[in-house]
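Okay, so here's the structure we're looking at.
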Amino acid sequence: MSSRPPDLPPLIGQSPAFLEMMEDVSRLAALDRPVLVVGERGTGKELVASRLHYLSVRWNRPLVALNCAALAESLLETELFGHEAGAFTGAVRRRAGRFERADGGTLFLDEIASAGAAVQEKILRVVEYGVFERVGSSETLGCDVRLVAAANTDLPSEAAAGRFRHDLLDRLAFDVITLPPLRARLEDIPVLTQHFAKAMAVELQWPAVPRFSTRAMDALVQYAWPGNVRELRNVVERAVARWPDSARPIDVVMFDPFDSPYRPKAVAKGLTTPSGPPASAAREGLRLPLDLRQALDRFEADLLAMALEQARFNQRRAAESLGLGYHQFRNRLRKHGHQLSMREQGGETVADGDGT
């Protein structure tokens, strides 16, 4: 077994929000307590969990990870706690679960909000008392595991709605690390872009690391990044792979690889029937009498919001999807106050661009 920690997983940035988050990670790594890592998809929750492990006193013990959303409830229970031979059809031999395999180390449970009530109760018992039973056994086993859990939902709200145990939340939330989305750390986009571009250039065996033009970098910084760092990596690597001349700065960035004039049109379910009249689903929740003007305004606002989301907040593409001109679309945005929500989502600066 190695006598020194391995290289830490790469977490790259220099923005104040990123550096503050990294300080929290370093502080909590030294404490042998459960930690919740909260953030949007693509923000690097698993990388943070790895860093918490490798900076802790458990660094030379196992780091075991499991995505709770990837398995059905019955399979999740056996995967976490193991099972005895004959516990269910197909269980021909005893199998150790993730808690046993992580004994002495760290267990990372991603998307823990997806776990059902029964599994949550058993996880609580392990966190509280350090004991559990395999499926199909009454023998109590002990384990010494530090639990790091991640969620991309608001767990206090889930608990208030009865979908997550309050007592488990209390035990897991000794402290919470909230990862900032990429739109809150714009200073990091050029640094991350260079990092991902260099790795792709090495893979392509380019003689030098490519640069991005001012135009392309402005587009990257101004984009809303709903998929955060994971999406940025895809966009940068795709731009490098598509660029024909490694000697020239990359000037074209494709945010949506599905963007094509031949792309099949999306069907807005519940809005119209094949023959044209409004479908019954469009009338759900409506009760007469009502204010027709207000109802039509709400419907138009919903369509604008849906078009913006599907177009990744590019106003030109959103306008085209509704059969409107660009200025017609912007007038309707102003009418419904969507300009403010665009600014809050970080998409204002690319709203009138073409996505490149």
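Starting from 1 in every chain, residues are counted up; chains themselves are A, B, ... following the order of the structure tokens, and ligands are numbered from 1 as listed.
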message: So that I can see what lies close to A:Arg41, please list as a PyMOL selection string the residues with an atom at most 9 Å from it, counting only C-alpha atoms and leaving out residues fewer than 5 positions away in the same chain.
response: chain A and resi 152+181+226-230
- line: Expressed in Å, the length from atom CA of A:Pro257 to atom CA of A:Val38 is 28.3 Å
field: In stretch 6-211 of chain A, DSSP strand (DSSP E or B) residues written as a PyMOL selection string
entry: chain A and resi 35-38+63-67+83+95+106-110+131-133+135+140-142+146-151+176-178
Could those residues be written to a file, using C-alpha atoms, as a tab-separated table (two decimals), in the first residue's frame?
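Listed below is the output, again24.tsv:
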chain	number	residue	atom	x	y	z
A	35	VAL	CA	-20.61	15.79	4.63
A	36	LEU	CA	-23.29	16.77	2.15
A	37	VAL	CA	-22.14	18.04	-1.24
A	38	VAL	CA	-24.87	20.02	-3.00
A	63	LEU	CA	-13.01	5.21	-1.60
A	64	VAL	CA	-16.21	3.56	-2.82
A	65	ALA	CA	-18.86	5.38	-4.86
A	66	LEU	CA	-22.45	4.60	-5.82
A	67	ASN	CA	-25.09	6.55	-7.72
A	83	HIS	CA	-26.84	-10.15	0.68
A	95	ARG	CA	-22.00	-10.76	-1.59
A	106	THR	CA	-15.14	6.69	2.56
A	107	LEU	CA	-18.44	5.88	0.89
A	108	PHE	CA	-19.72	8.44	-1.61
A	109	LEU	CA	-23.46	8.25	-2.30
A	110	ASP	CA	-24.42	10.38	-5.27
A	131	VAL	CA	-24.06	-1.36	12.17
A	132	PHE	CA	-26.21	-3.05	9.51
A	133	GLU	CA	-27.42	-6.45	8.31
A	135	VAL	CA	-30.21	-8.69	3.00
A	140	THR	CA	-25.42	-7.56	12.78
A	141	LEU	CA	-22.22	-6.35	11.18
A	142	GLY	CA	-20.16	-3.33	12.12
A	146	ARG	CA	-17.16	8.10	6.54
A	147	LEU	CA	-20.22	8.99	4.47
A	148	VAL	CA	-20.14	11.73	1.86
A	149	ALA	CA	-23.49	12.24	0.13
A	150	ALA	CA	-24.41	14.42	-2.83
A	151	ALA	CA	-27.63	15.90	-4.13
A	176	VAL	CA	-22.75	21.22	3.70
A	177	ILE	CA	-20.54	22.16	0.76
A	178	THR	CA	-22.53	23.99	-1.91
Residue nearest A:Glu40 - candidates A:Ala201, A:Ile123, A:Leu179, A:Ala319, atoms counted: only C-alpha atoms: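 Checking each candidate against A:Glu40, we get A:Leu179 as the closest.
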- request: Calculate how many Å separate atom CA of A:Asp245 from atom CA of A:His195, rounding to one decimal.
  value: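 Between atom CA of A:Asp245 and atom CA of A:His195 the gap works out to 19.0 Å.
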Interatomic distance (Å, one decimal) between atom CA of A:Arg312 and atom CA of A:Met254: 12.1 Å
message: Between A:Leu186, A:Val236, A:Ala96, A:Ala224, which residue has the minimum interatomic distance to A:Met200, considering only C-alpha atoms?
response: A:Val236
task: Write down as a ChimeraX atom specification the residues belonging to stretch 20-255 of chain A that are assigned alpha helix (DSSP H) by DSSP computed on the backbone.
output: /A:20-29,45-54,73-81,98-101,117-129,155-160,166-172,188-204,214-222,228-242
task: Determine the nearest neighbour of A:Pro210 from the options A:Leu304, A:Ala239, A:Ile189, A:Ala49, counting only C-alpha atoms.
output: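 Using only C-alpha atoms, the shortest distance to A:Pro210 belongs to A:Ala239.
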message: With distances taken over only C-alpha atoms, which residue among A:Arg58, A:Arg27, A:Leu11, A:Ala17 lies nearest A:Arg183?
response: A:Ala17
query: If we count only C-alpha atoms, what is near A:Arg298 at a cut-off of 12 Å, once residues fewer than 3 positions away on the same chain are taken out, given as a list in words?
result: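 Listed by chain and then number, they are Leu286, Asp291, Leu292, Arg293, Gln294, Ala295, Ala301, Asp302, Leu303, Leu304, Ala305, Arg332, Lys335, His336 and Gly337 of chain A.
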